[in-house]
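Below: input_38.csv (CSV, C-alpha atoms)
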```
chain,number,residue,atom,x,y,z
A,1,MET,CA,144.0,76.4,-114.6
A,2,MET,CA,141.0,74.8,-116.2
A,3,ILE,CA,139.5,73.3,-113.0
A,4,PRO,CA,138.9,76.6,-111.1
A,5,THR,CA,137.3,78.1,-114.2
A,6,LEU,CA,135.1,75.1,-114.5
A,7,LEU,CA,134.1,75.2,-110.8
A,8,LEU,CA,133.1,78.8,-111.1
A,9,ALA,CA,131.1,78.1,-114.1
A,10,ALA,CA,129.3,75.1,-112.5
A,11,CYS,CA,128.4,77.3,-109.5
A,12,ALA,CA,127.0,80.0,-111.6
A,13,THR,CA,125.4,77.9,-114.3
A,14,LYS,CA,121.9,76.3,-114.4
A,15,VAL,CA,121.6,73.3,-116.7
A,16,GLU,CA,118.2,71.9,-117.5
A,17,GLY,CA,117.9,68.6,-115.5
A,18,PHE,CA,121.5,68.7,-114.2
A,19,ALA,CA,123.7,70.7,-111.9
A,20,PHE,CA,127.4,70.5,-111.0
A,21,SER,CA,128.4,70.2,-107.4
A,22,SER,CA,131.0,72.6,-106.2
A,23,LEU,CA,132.6,69.7,-104.2
A,24,SER,CA,132.7,67.3,-107.0
A,25,LEU,CA,132.4,67.4,-110.7
A,26,ARG,CA,129.9,64.6,-110.9
A,27,PRO,CA,126.5,65.5,-112.3
A,28,VAL,CA,123.5,65.4,-109.8
A,29,THR,CA,119.8,65.2,-110.7
A,30,VAL,CA,117.7,68.2,-109.7
A,31,SER,CA,114.2,69.5,-110.3
A,32,PRO,CA,113.6,72.1,-113.0
A,33,GLU,CA,113.0,74.7,-110.2
A,34,THR,CA,116.4,74.1,-108.6
A,35,THR,CA,118.9,77.0,-108.7
A,36,SER,CA,122.6,77.2,-108.0
A,37,THR,CA,121.7,79.1,-104.8
A,38,SER,CA,119.4,76.3,-103.5
A,39,ILE,CA,122.1,73.7,-104.2
A,40,TYR,CA,124.6,75.7,-102.2
A,41,MET,CA,122.1,76.3,-99.3
A,42,GLY,CA,121.3,72.6,-99.1
A,43,LYS,CA,124.9,71.9,-98.3
A,44,ARG,CA,125.6,74.6,-95.8
A,45,LYS,CA,126.2,73.9,-92.1
A,46,PRO,CA,122.9,74.3,-90.0
A,47,SER,CA,122.8,77.2,-87.6
A,48,MET,CA,122.7,76.8,-83.8
A,49,LYS,CA,119.0,77.6,-83.7
A,50,GLU,CA,118.3,74.9,-86.3
A,51,ARG,CA,120.4,72.4,-84.4
A,52,ARG,CA,118.4,73.1,-81.2
A,53,LYS,CA,115.1,72.5,-83.1
A,54,GLN,CA,116.5,69.2,-84.5
A,55,ARG,CA,117.5,68.1,-81.0
A,56,ALA,CA,114.0,69.1,-79.6
A,57,LYS,CA,112.4,66.9,-82.2
A,58,LYS,CA,114.4,64.0,-80.9
A,59,GLN,CA,113.4,64.5,-77.3
A,60,PRO,CA,110.4,62.7,-75.9
A,61,GLY,CA,107.3,64.8,-75.8
A,62,TYR,CA,105.4,66.0,-72.7
A,63,THR,CA,101.7,66.3,-72.5
A,64,ILE,CA,99.6,68.0,-69.9
A,65,ASP,CA,97.1,65.6,-68.2
A,66,ARG,CA,93.8,67.5,-68.4
A,67,GLY,CA,91.9,64.5,-67.1
A,68,VAL,CA,90.7,66.4,-64.0
A,69,LEU,CA,89.5,69.3,-66.0
A,70,ASN,CA,87.9,67.2,-68.7
A,71,GLU,CA,86.2,64.8,-66.3
A,72,LEU,CA,84.7,67.2,-63.7
A,73,PRO,CA,81.2,68.5,-64.5
A,74,SER,CA,80.3,72.1,-64.0
A,75,VAL,CA,79.1,73.2,-60.6
A,76,ASP,CA,75.6,73.8,-61.8
A,77,LYS,CA,75.2,70.3,-63.0
A,78,TRP,CA,77.1,68.6,-60.2
A,79,GLU,CA,74.1,67.0,-58.4
A,80,LYS,CA,72.6,65.8,-61.7
A,81,THR,CA,75.5,63.4,-62.5
A,82,GLU,CA,75.1,59.7,-61.9
A,83,ALA,CA,78.3,59.2,-60.0
A,84,SER,CA,81.2,61.3,-58.7
A,85,VAL,CA,84.3,61.5,-60.8
A,86,GLY,CA,86.3,59.9,-58.1
A,87,SER,CA,84.2,56.8,-58.1
A,88,LYS,CA,84.6,56.2,-61.9
A,89,ARG,CA,87.8,54.2,-61.5
A,90,GLU,CA,87.1,52.2,-64.6
A,91,ASN,CA,87.6,55.3,-66.7
A,92,ILE,CA,91.3,55.6,-65.7
A,93,PRO,CA,93.6,53.4,-67.9
A,94,ILE,CA,96.1,51.3,-65.9
A,95,GLY,CA,99.2,50.2,-67.7
A,96,ASN,CA,101.1,47.0,-67.2
A,97,ASN,CA,104.3,48.3,-65.6
A,98,GLU,CA,104.6,49.7,-62.1
A,99,GLU,CA,105.4,53.2,-63.3
A,100,GLU,CA,102.2,53.4,-65.4
A,101,LYS,CA,100.2,52.0,-62.5
A,102,ASP,CA,101.5,54.6,-60.1
A,103,ILE,CA,100.7,57.3,-62.5
A,104,ALA,CA,97.1,55.9,-63.0
A,105,TYR,CA,96.5,55.7,-59.2
A,106,GLU,CA,97.9,59.2,-58.7
A,107,THR,CA,95.6,60.5,-61.3
A,108,GLU,CA,92.7,58.7,-59.7
A,109,GLU,CA,93.5,60.2,-56.3
A,110,THR,CA,93.8,63.7,-57.8
A,111,ILE,CA,90.4,63.4,-59.5
A,112,ALA,CA,88.8,62.1,-56.2
A,113,LYS,CA,90.2,65.1,-54.3
A,114,ALA,CA,89.1,67.6,-56.9
A,115,SER,CA,85.7,65.9,-56.9
A,116,SER,CA,85.4,66.1,-53.1
A,117,LEU,CA,86.5,69.8,-53.1
A,118,VAL,CA,83.8,70.7,-55.6
A,119,GLN,CA,81.2,68.8,-53.7
A,120,ALA,CA,82.2,70.6,-50.4
A,121,GLN,CA,82.0,74.0,-52.1
A,122,ARG,CA,78.7,73.2,-53.7
A,123,LYS,CA,77.3,72.0,-50.4
A,124,SER,CA,78.5,75.1,-48.6
A,125,VAL,CA,76.8,77.4,-51.2
A,126,ASP,CA,73.6,75.4,-51.0
A,127,CYS,CA,73.4,75.6,-47.2
A,128,LEU,CA,74.2,79.4,-47.1
A,129,THR,CA,71.5,80.0,-49.8
A,130,PHE,CA,69.0,77.7,-48.1
A,131,VAL,CA,69.2,79.5,-44.8
A,132,ARG,CA,68.8,82.9,-46.6
A,133,LYS,CA,65.7,81.5,-48.4
A,134,ARG,CA,64.2,80.3,-45.2
A,135,VAL,CA,64.8,83.7,-43.5
A,136,GLU,CA,63.5,85.7,-46.5
A,137,ASP,CA,60.6,83.5,-47.8
A,138,SER,CA,59.4,81.5,-44.8
A,139,PHE,CA,60.1,83.2,-41.5
A,140,PRO,CA,57.2,85.4,-40.3
A,141,ILE,CA,59.2,88.6,-39.9
A,142,ASN,CA,56.2,90.8,-39.1
A,143,GLU,CA,55.0,88.5,-36.3
A,144,ALA,CA,58.5,88.3,-34.9
A,145,ALA,CA,59.0,92.1,-34.8
A,146,LYS,CA,55.6,92.6,-33.1
A,147,SER,CA,56.2,89.9,-30.6
A,148,LEU,CA,59.7,91.3,-29.7
A,149,ALA,CA,58.2,94.7,-29.3
A,150,GLU,CA,55.3,93.5,-27.1
A,151,LYS,CA,56.7,90.6,-25.2
A,152,GLY,CA,60.4,90.7,-25.7
A,153,TYR,CA,60.6,87.2,-27.2
A,154,PHE,CA,59.3,85.2,-30.2
A,155,VAL,CA,59.1,81.4,-30.7
A,156,TYR,CA,58.9,79.8,-34.2
A,157,ASP,CA,58.9,76.1,-35.0
A,158,GLY,CA,60.2,74.4,-38.2
A,159,PHE,CA,62.7,77.1,-39.0
A,160,LEU,CA,64.6,74.9,-41.5
A,161,SER,CA,62.4,71.9,-42.0
A,162,LYS,CA,58.8,73.1,-41.9
A,163,SER,CA,56.9,71.8,-45.0
A,164,ILE,CA,55.2,74.4,-47.1
A,165,ASP,CA,52.7,73.6,-49.9
A,166,GLY,CA,54.4,73.2,-53.3
A,167,ASP,CA,56.9,70.7,-54.5
A,168,SER,CA,60.0,72.9,-54.3
A,169,GLU,CA,59.2,73.8,-50.7
A,170,ASN,CA,58.7,70.2,-49.8
A,171,GLU,CA,62.2,69.5,-51.3
A,172,ASP,CA,63.5,72.3,-49.2
A,173,ALA,CA,62.0,70.7,-46.1
A,174,VAL,CA,63.9,67.5,-46.8
A,175,PHE,CA,67.1,69.5,-47.3
A,176,GLY,CA,66.5,71.4,-44.1
A,177,ASP,CA,65.9,68.2,-42.1
A,178,ALA,CA,69.1,66.7,-43.4
A,179,MET,CA,71.0,69.9,-42.5
A,180,LEU,CA,69.6,69.7,-39.0
A,181,SER,CA,70.9,66.2,-38.6
A,182,GLU,CA,74.4,67.3,-39.9
A,183,MET,CA,74.5,70.2,-37.4
A,184,MET,CA,73.6,67.8,-34.5
A,185,SER,CA,76.2,65.3,-35.8
A,186,GLU,CA,78.9,68.1,-35.9
A,187,SER,CA,78.0,68.9,-32.3
A,188,SER,CA,78.6,65.3,-31.1
A,189,ASP,CA,81.8,65.1,-33.2
A,190,MET,CA,83.2,68.2,-31.6
A,191,LEU,CA,82.7,66.8,-28.2
A,192,ALA,CA,84.2,63.4,-29.2
A,193,LYS,CA,87.3,65.3,-30.6
A,194,ASP,CA,87.7,67.3,-27.4
A,195,LYS,CA,86.9,70.6,-29.1
A,196,MET,CA,84.4,71.8,-26.5
A,197,GLN,CA,84.9,73.2,-23.0
A,198,ARG,CA,83.1,72.1,-19.9
A,199,ASP,CA,80.6,74.7,-18.6
A,200,ILE,CA,81.9,75.0,-15.1
A,201,THR,CA,79.1,77.3,-14.1
A,202,ARG,CA,76.8,74.2,-14.6
A,203,ILE,CA,79.3,71.6,-13.6
A,204,ALA,CA,76.7,69.0,-12.5
A,205,ASP,CA,74.5,69.4,-15.6
A,206,GLY,CA,76.8,67.8,-18.2
A,207,GLU,CA,76.9,70.8,-20.5
A,208,PHE,CA,79.7,71.9,-22.8
A,209,LEU,CA,80.4,75.1,-24.8
A,210,ALA,CA,82.3,76.0,-28.0
A,211,GLN,CA,82.5,79.1,-30.1
A,212,ILE,CA,81.4,79.0,-33.7
A,213,VAL,CA,84.0,81.2,-35.3
A,214,GLY,CA,84.7,79.7,-38.8
A,215,GLY,CA,88.1,80.3,-40.3
A,216,GLU,CA,90.5,77.5,-39.4
A,217,ASN,CA,87.8,75.9,-37.3
A,218,TYR,CA,85.3,75.8,-40.2
A,219,ALA,CA,86.1,72.1,-41.0
A,220,LEU,CA,85.0,71.2,-37.5
A,221,CYS,CA,81.4,72.4,-38.0
A,222,PRO,CA,80.7,73.6,-41.6
A,223,ARG,CA,76.9,73.4,-41.3
A,224,LEU,CA,76.8,75.3,-38.0
A,225,THR,CA,79.2,77.9,-39.3
A,226,GLU,CA,77.1,78.4,-42.5
A,227,TYR,CA,73.9,78.7,-40.4
A,228,VAL,CA,75.5,81.4,-38.2
A,229,VAL,CA,77.0,83.3,-41.2
A,230,SER,CA,73.8,83.3,-43.2
A,231,ILE,CA,71.3,84.2,-40.5
A,232,THR,CA,73.6,87.0,-39.4
A,233,ARG,CA,73.7,88.4,-42.9
A,234,HIS,CA,70.0,88.2,-43.7
A,235,LEU,CA,67.8,88.4,-40.5
A,236,PRO,CA,68.9,91.7,-39.0
A,237,PRO,CA,68.1,93.8,-42.2
A,238,LEU,CA,64.6,92.4,-42.3
A,239,LEU,CA,64.0,93.0,-38.6
A,240,ASN,CA,65.4,96.6,-38.9
A,241,LYS,CA,63.0,97.3,-41.7
A,242,GLU,CA,60.1,95.8,-39.9
A,243,TYR,CA,60.9,97.8,-36.7
A,244,ASP,CA,60.5,101.0,-38.7
A,245,ALA,CA,57.3,99.7,-40.3
A,246,ILE,CA,55.6,99.0,-37.0
A,247,GLY,CA,57.0,102.1,-35.3
A,248,ALA,CA,59.0,100.2,-32.7
A,249,ALA,CA,61.4,102.9,-31.9
A,250,ASP,CA,62.6,101.3,-28.7
A,251,LEU,CA,63.9,98.2,-30.5
A,252,PRO,CA,67.6,98.8,-31.3
A,253,LYS,CA,68.8,98.3,-34.9
A,254,LEU,CA,71.0,95.3,-35.5
A,255,ASP,CA,74.3,94.9,-37.3
A,256,SER,CA,74.3,92.4,-40.2
A,257,SER,CA,78.0,92.1,-40.5
A,258,ALA,CA,79.0,90.7,-37.1
A,259,SER,CA,77.6,88.4,-34.4
A,260,MET,CA,78.6,86.0,-31.7
A,261,GLY,CA,78.0,82.3,-32.3
A,262,THR,CA,78.1,79.7,-29.6
A,263,LEU,CA,77.3,76.0,-29.4
A,264,ARG,CA,75.9,74.5,-26.2
A,265,LEU,CA,75.8,70.7,-26.0
A,266,PHE,CA,74.3,68.4,-23.3
A,267,ASP,CA,75.8,64.9,-22.7
A,268,ARG,CA,73.9,62.7,-20.4
A,269,LYS,CA,76.8,60.3,-19.8
A,270,THR,CA,79.0,63.2,-18.6
A,271,LYS,CA,76.1,64.4,-16.4
A,272,LEU,CA,75.6,61.0,-14.7
A,273,GLY,CA,79.3,60.6,-14.2
A,274,THR,CA,79.6,63.9,-12.5
A,275,MET,CA,76.5,63.2,-10.3
A,276,SER,CA,78.1,60.0,-9.1
A,277,PHE,CA,80.8,62.1,-7.5
A,278,LEU,CA,78.8,65.1,-6.3
A,279,ALA,CA,75.5,63.5,-5.2
A,280,ALA,CA,74.7,61.1,-2.5
A,281,PRO,CA,75.0,57.4,-3.6
A,282,GLU,CA,71.2,57.0,-3.5
A,283,ASN,CA,70.7,60.0,-5.8
A,284,ALA,CA,73.6,59.4,-8.2
A,285,ASP,CA,71.3,58.2,-11.0
A,286,SER,CA,68.5,60.6,-10.2
A,287,ASP,CA,67.6,63.8,-12.0
A,288,ASP,CA,65.8,65.2,-8.9
A,289,SER,CA,69.0,66.5,-7.4
A,290,MET,CA,69.3,69.3,-10.0
A,291,SER,CA,69.1,72.8,-8.5
A,292,GLU,CA,66.8,75.4,-9.9
A,293,ARG,CA,68.4,78.0,-12.0
A,294,PRO,CA,67.8,81.8,-11.5
A,295,PHE,CA,66.2,84.1,-14.0
A,296,GLY,CA,68.2,86.7,-15.8
A,297,VAL,CA,68.9,88.6,-19.0
A,298,VAL,CA,71.6,87.7,-21.5
A,299,CYS,CA,73.5,91.0,-20.9
A,300,GLY,CA,73.2,90.7,-17.1
A,301,ASP,CA,72.0,93.6,-15.0
A,302,ILE,CA,71.2,97.2,-16.2
A,303,ASP,CA,74.8,98.3,-15.9
A,304,GLY,CA,75.9,95.3,-17.9
A,305,ALA,CA,73.4,96.0,-20.6
A,306,ALA,CA,74.8,99.5,-21.0
A,307,SER,CA,78.3,98.2,-21.8
A,308,ASP,CA,77.2,95.0,-23.7
A,309,SER,CA,76.7,95.2,-27.5
A,310,ARG,CA,74.3,92.2,-27.7
A,311,ARG,CA,70.7,93.2,-28.4
A,312,LEU,CA,69.0,90.1,-29.8
A,313,THR,CA,69.7,86.4,-29.1
A,314,ALA,CA,68.6,83.5,-31.3
A,315,MET,CA,68.5,80.0,-29.7
A,316,PHE,CA,68.2,77.2,-32.2
A,317,TYR,CA,67.5,73.7,-30.9
A,318,LEU,CA,69.1,70.7,-32.4
A,319,SER,CA,67.7,67.8,-30.5
A,320,SER,CA,66.3,64.5,-31.7
A,321,LYS,CA,62.9,64.3,-33.4
A,322,GLN,CA,61.7,62.2,-30.4
A,323,TRP,CA,62.7,64.9,-27.9
A,324,ASP,CA,59.8,66.2,-25.8
A,325,SER,CA,59.2,68.1,-22.5
A,326,SER,CA,60.1,65.1,-20.4
A,327,TYR,CA,63.7,65.2,-21.6
A,328,GLY,CA,64.3,68.7,-20.3
A,329,GLY,CA,66.1,71.6,-21.9
A,330,GLY,CA,64.5,74.8,-23.3
A,331,LEU,CA,63.8,77.9,-21.2
A,332,THR,CA,61.1,79.7,-19.1
A,333,ILE,CA,60.2,83.3,-19.6
A,334,GLU,CA,59.9,85.2,-16.3
A,335,THR,CA,57.3,87.8,-17.2
A,336,ASP,CA,54.5,85.4,-18.3
A,337,GLY,CA,55.8,82.1,-17.1
A,338,GLN,CA,55.9,80.7,-20.6
A,339,ARG,CA,57.8,77.4,-20.8
A,340,VAL,CA,59.5,76.9,-24.2
A,341,GLU,CA,60.6,73.3,-24.8
A,342,ALA,CA,63.8,72.3,-26.6
A,343,ILE,CA,62.0,70.9,-29.6
A,344,ARG,CA,64.1,70.1,-32.7
A,345,ASP,CA,64.2,72.9,-35.3
A,346,ARG,CA,62.7,75.5,-32.9
A,347,ILE,CA,64.2,79.0,-32.9
A,348,VAL,CA,63.6,81.4,-30.1
A,349,LEU,CA,64.4,85.1,-30.4
A,350,LEU,CA,65.0,87.0,-27.1
A,351,ARG,CA,65.8,90.6,-26.4
A,352,SER,CA,69.2,90.3,-24.9
A,353,ASP,CA,69.0,93.4,-22.8
A,354,THR,CA,65.5,93.1,-21.4
A,355,CYS,CA,63.9,89.6,-21.6
A,356,SER,CA,64.4,87.8,-18.3
A,357,HIS,CA,64.4,84.1,-18.7
A,358,ARG,CA,65.8,80.9,-17.2
A,359,GLN,CA,67.5,78.1,-19.2
A,360,GLU,CA,66.1,74.8,-18.0
A,361,PRO,CA,68.5,71.9,-17.4
A,362,TRP,CA,68.6,69.0,-19.9
A,363,ILE,CA,67.6,65.5,-18.7
A,364,GLY,CA,67.6,63.2,-21.7
A,365,THR,CA,67.6,59.4,-21.4
A,366,ASP,CA,70.1,56.6,-22.0
A,367,ASN,CA,68.4,55.7,-25.3
A,368,SER,CA,70.4,56.4,-28.4
A,369,GLY,CA,69.6,59.8,-29.9
A,370,LEU,CA,68.2,61.0,-26.6
A,371,ASP,CA,71.4,61.1,-24.6
A,372,GLN,CA,72.7,64.2,-26.3
A,373,ALA,CA,71.1,67.5,-27.4
A,374,SER,CA,72.5,70.9,-28.5
A,375,CYS,CA,71.6,74.5,-29.1
A,376,ALA,CA,73.2,76.9,-31.5
A,377,VAL,CA,73.1,80.4,-30.0
A,378,VAL,CA,73.6,83.5,-32.0
A,379,HIS,CA,73.9,87.0,-30.4
A,380,PHE,CA,73.1,89.8,-32.8
A,381,ILE,CA,74.8,93.1,-31.8
A,382,LYS,CA,73.6,96.6,-32.1
A,383,GLY,CA,74.3,98.4,-35.3
```
Mind turning the file's structure into structure tokens?
Amino acid sequence: MMIPTLLLAACATKVEGFAFSSLSLRPVTVSPETTSTSIYMGKRKPSMKERRKQRAKKQPGYTIDRGVLNELPSVDKWEKTEASVGSKRENIPIGNNEEEKDIAYETEETIAKASSLVQAQRKSVDCLTFVRKRVEDSFPINEAAKSLAEKGYFVYDGFLSKSIDGDSENEDAVFGDAMLSEMMSESSDMLAKDKMQRDITRIADGEFLAQIVGGENYALCPRLTEYVVSITRHLPPLLNKEYDAIGAADLPKLDSSASMGTLRLFDRKTKLGTMSFLAAPENADSDDSMSERPFGVVCGDIDGAASDSRRLTAMFYLSSKQWDSSYGGGLTIETDGQRVEAIRDRIVLLRSDTCSHRQEPWIGTDNSGLDQASCAVVHFIKG
């Protein structure tokens, strides 16, 4: 019975520089700090938790690709970067095998989409802010209120692109001119994509209509939508305040939270095609066959005005820079016979319930840029 006694002694005895294993009687080398307990623990079976940790260490690691987040600049600095993230293809490493190449191209596509989204959001904010700035800083609100009170209408040129002294204002004028071009381009694209309805009340005049409603249709005309939203939000409060300042009690207060936006577009090719069916052969290509339109107010007759919530109408012309009176369009005021041409970047305010006017037919020419024109119409409603 010597062996059990010796085993128990080995398990409970610390020997300087040596230790006896409970599984064998051979001496093993240990450090001076080693105890019999540590020797025993080193040989015990690992727990389930420890085995899971060991298996996890053997599994291949997964890392989160933060390339999109790390590459994209902040919104405030977006326009100051030299190139968009999506265009920097050389920054994305491409491996040798097909799997690595697929991953690289997917990463590039993701970065490009994120870059495009940030650009679109930035552009939208810039346009909304720009229209607000033009309304609050450039538009002659006092003159407009007085003219509406006295004559029932007001005409202002260069609403978005008028150059004002000072570098920042000149930069704004360039931005506004570019926005006007985008708005006109959106009008043409909507017609090309069959997103506009023929105005059957003017079937021979080649005019089309579409509502500017935003939402799911925002992608069809982002600049037009931003114009409608921003002018609706910022023009009525200023006019309401000015109405009080000049004592124009008969001018109704306007709502700044809702409006009705409409796009009207003229297409000369459609007009000539219609005239070839409706007019005599000798007059098919002539503009002299157009009938004169009657005068009227936006709300209709007096009874219509009582049940109609529209109180102020803004007509914003989006024609070519070369458009002049010979190309038609615009309107005529009945009270004083004033003819208002459809000049690019001209905005006309009309009292919807009282100002009698006539919209003149468009003519245009077959020359590029003069074969189409449009007008963004916003009806402000009573508050």
One residue among A:Tyr227, A:Ser116, A:Pro237, A:Val348 is nearest to Gly158 in chain A when using all atoms listed in the file, and that residue is A:Val348
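What separates CA of Leu318 in chain A from CA of Lys193 in chain A is a distance of 19.1 Å.
Candidate residues A:Asp366, A:Glu334, A:Asp250, A:Asp371 were compared for distance to Glu150 in chain A, and the nearest is A:Asp250, using all atoms listed in the file.
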Among listed residues A:Glu360, A:Glu292, A:Glu171, A:Asp177, nearest Glu207 in chain A (using only C-alpha atoms): A:Glu360
Applying 12 Å and all atoms listed in the file, which residues near Tyr243 in chain A remain after dropping the ones on its own chain fewer than 2 positions away? List them as number ranges by chain. A: 141-150, 236-241, 245-254
With a distance cut-off of 8 Å and all atoms listed in the file, select the neighbouring residues of Val213 in chain A, excluding the residue or stretch itself and same-chain residues fewer than 3 positions from it, and output the selection as number ranges by chain. A: 217-218, 225, 261
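Rounded to one decimal, CA of Val174 in chain A and CA of Ile347 in chain A lie 18.0 Å from each other.
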Residues near Gln197 in chain A, cut-off 10 Å, only C-alpha atoms, skip fewer than 3 positions along chain, as a PDB file with C-alpha atoms, keeping the file's coordinate frame:
```pdb
ATOM      1  CA  LEU A 191      82.700  66.800 -28.200  1.00  0.00           C
ATOM      2  CA  ASP A 194      87.700  67.300 -27.400  1.00  0.00           C
ATOM      3  CA  ILE A 200      81.900  75.000 -15.100  1.00  0.00           C
ATOM      4  CA  GLU A 207      76.900  70.800 -20.500  1.00  0.00           C
ATOM      5  CA  PHE A 208      79.700  71.900 -22.800  1.00  0.00           C
ATOM      6  CA  LEU A 209      80.400  75.100 -24.800  1.00  0.00           C
ATOM      7  CA  ALA A 210      82.300  76.000 -28.000  1.00  0.00           C
ATOM      8  CA  GLN A 211      82.500  79.100 -30.100  1.00  0.00           C
ATOM      9  CA  ARG A 264      75.900  74.500 -26.200  1.00  0.00           C
ATOM     10  CA  LEU A 265      75.800  70.700 -26.000  1.00  0.00           C
TER      11      LEU A 265
END
```
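If you count only C-alpha atoms and ignore residues fewer than 6 places along the chain from Asp345 in chain A, what sits within 12 Å of it is Val155, Tyr156, Asp157, Gly158, Phe159, Leu160, Ser161, Lys162, Ala173, Gly176, Asp177, Ala178, Met179, Leu180, Ser181, Met183, Met184, Met315, Phe316, Tyr317, Leu318, Ser319, Ser320, Lys321, Trp323, Ala373, Ser374, Cys375 and Ala376 of chain A.
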One decimal, Å: what's the distance from CA of Asn367 in chain A over to CA of Arg339 in chain A, could you say? 24.6 Å
Fewer than 2 positions away in the same chain doesn't count, so skip those; otherwise give me all residues within 8 Å of range 302-310 of chain A, counting only C-alpha atoms, as a PDB file with C-alpha atoms, keeping the file's coordinate frame.
```pdb
ATOM      1  CA  CYS A 299      73.500  91.000 -20.900  1.00  0.00           C
ATOM      2  CA  GLY A 300      73.200  90.700 -17.100  1.00  0.00           C
ATOM      3  CA  LEU A 312      69.000  90.100 -29.800  1.00  0.00           C
ATOM      4  CA  THR A 313      69.700  86.400 -29.100  1.00  0.00           C
ATOM      5  CA  SER A 352      69.200  90.300 -24.900  1.00  0.00           C
ATOM      6  CA  ASP A 353      69.000  93.400 -22.800  1.00  0.00           C
ATOM      7  CA  HIS A 379      73.900  87.000 -30.400  1.00  0.00           C
ATOM      8  CA  PHE A 380      73.100  89.800 -32.800  1.00  0.00           C
ATOM      9  CA  ILE A 381      74.800  93.100 -31.800  1.00  0.00           C
ATOM     10  CA  LYS A 382      73.600  96.600 -32.100  1.00  0.00           C
TER      11      LYS A 382
END
```
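Among the candidates A:Asp267, A:Asp255, A:Asp324, A:Asp137, the one nearest to Arg233 in chain A when counting only C-alpha atoms is A:Asp255.
In terms of minimum interatomic distance to Ser124 in chain A, A:Ser230 ranks closest within A:Ser188, A:Ser230, A:Thr365, A:Ser325, counting all atoms listed in the file.
Across A:Glu136, A:Val125, A:Ser256, A:Val298, the tightest approach to Arg351 in chain A is made by A:Val298 when counting all atoms listed in the file.
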Could I get range 315-362 of chain A from the block written as a PDB file, in the first residue's frame, with C-alpha atoms?
```
ATOM      1  CA  MET A 315     -47.430  81.479 -63.436  1.00  0.00           C
ATOM      2  CA  PHE A 316     -43.729  80.792 -63.888  1.00  0.00           C
ATOM      3  CA  TYR A 317     -42.462  80.623 -67.487  1.00  0.00           C
ATOM      4  CA  LEU A 318     -39.782  78.129 -68.501  1.00  0.00           C
ATOM      5  CA  SER A 319     -39.146  78.953 -72.139  1.00  0.00           C
ATOM      6  CA  SER A 320     -35.850  79.249 -73.997  1.00  0.00           C
ATOM      7  CA  LYS A 321     -33.590  82.270 -73.493  1.00  0.00           C
ATOM      8  CA  GLN A 322     -34.297  83.197 -77.119  1.00  0.00           C
ATOM      9  CA  TRP A 323     -38.069  83.179 -76.646  1.00  0.00           C
ATOM     10  CA  ASP A 324     -39.745  86.490 -77.499  1.00  0.00           C
ATOM     11  CA  SER A 325     -43.191  87.889 -78.294  1.00  0.00           C
ATOM     12  CA  SER A 326     -43.166  86.481 -81.842  1.00  0.00           C
ATOM     13  CA  TYR A 327     -43.250  82.935 -80.436  1.00  0.00           C
ATOM     14  CA  GLY A 328     -46.531  83.431 -78.598  1.00  0.00           C
ATOM     15  CA  GLY A 329     -47.565  82.330 -75.135  1.00  0.00           C
ATOM     16  CA  GLY A 330     -48.064  84.538 -72.113  1.00  0.00           C
ATOM     17  CA  LEU A 331     -51.314  86.261 -71.263  1.00  0.00           C
ATOM     18  CA  THR A 332     -53.327  89.463 -71.640  1.00  0.00           C
ATOM     19  CA  ILE A 333     -55.001  91.312 -68.754  1.00  0.00           C
ATOM     20  CA  GLU A 334     -58.550  92.378 -69.605  1.00  0.00           C
ATOM     21  CA  THR A 335     -58.820  95.464 -67.385  1.00  0.00           C
ATOM     22  CA  ASP A 336     -55.897  97.427 -68.838  1.00  0.00           C
ATOM     23  CA  GLY A 337     -55.051  95.393 -71.946  1.00  0.00           C
ATOM     24  CA  GLN A 338     -51.563  94.630 -70.622  1.00  0.00           C
ATOM     25  CA  ARG A 339     -49.845  91.901 -72.677  1.00  0.00           C
ATOM     26  CA  VAL A 340     -47.465  89.775 -70.610  1.00  0.00           C
ATOM     27  CA  GLU A 341     -45.022  87.778 -72.733  1.00  0.00           C
ATOM     28  CA  ALA A 342     -43.894  84.251 -71.862  1.00  0.00           C
ATOM     29  CA  ILE A 343     -40.301  85.287 -71.133  1.00  0.00           C
ATOM     30  CA  ARG A 344     -38.014  82.790 -69.450  1.00  0.00           C
ATOM     31  CA  ASP A 345     -37.803  83.199 -65.647  1.00  0.00           C
ATOM     32  CA  ARG A 346     -40.798  85.550 -65.510  1.00  0.00           C
ATOM     33  CA  ILE A 347     -43.306  85.034 -62.711  1.00  0.00           C
ATOM     34  CA  VAL A 348     -46.812  86.479 -62.862  1.00  0.00           C
ATOM     35  CA  LEU A 349     -49.071  86.699 -59.795  1.00  0.00           C
ATOM     36  CA  LEU A 350     -52.820  86.917 -60.421  1.00  0.00           C
ATOM     37  CA  ARG A 351     -55.737  87.208 -58.064  1.00  0.00           C
ATOM     38  CA  SER A 352     -57.488  83.936 -58.835  1.00  0.00           C
ATOM     39  CA  ASP A 353     -60.961  85.186 -57.950  1.00  0.00           C
ATOM     40  CA  THR A 354     -60.962  88.659 -59.537  1.00  0.00           C
ATOM     41  CA  CYS A 355     -58.291  89.160 -62.211  1.00  0.00           C
ATOM     42  CA  SER A 356     -59.772  88.535 -65.654  1.00  0.00           C
ATOM     43  CA  HIS A 357     -57.156  87.506 -68.188  1.00  0.00           C
ATOM     44  CA  ARG A 358     -56.636  85.477 -71.333  1.00  0.00           C
ATOM     45  CA  GLN A 359     -53.854  82.957 -71.883  1.00  0.00           C
ATOM     46  CA  GLU A 360     -52.416  83.476 -75.345  1.00  0.00           C
ATOM     47  CA  PRO A 361     -51.644  80.435 -77.540  1.00  0.00           C
ATOM     48  CA  TRP A 362     -48.050  79.365 -78.044  1.00  0.00           C
TER      49      TRP A 362
END
```
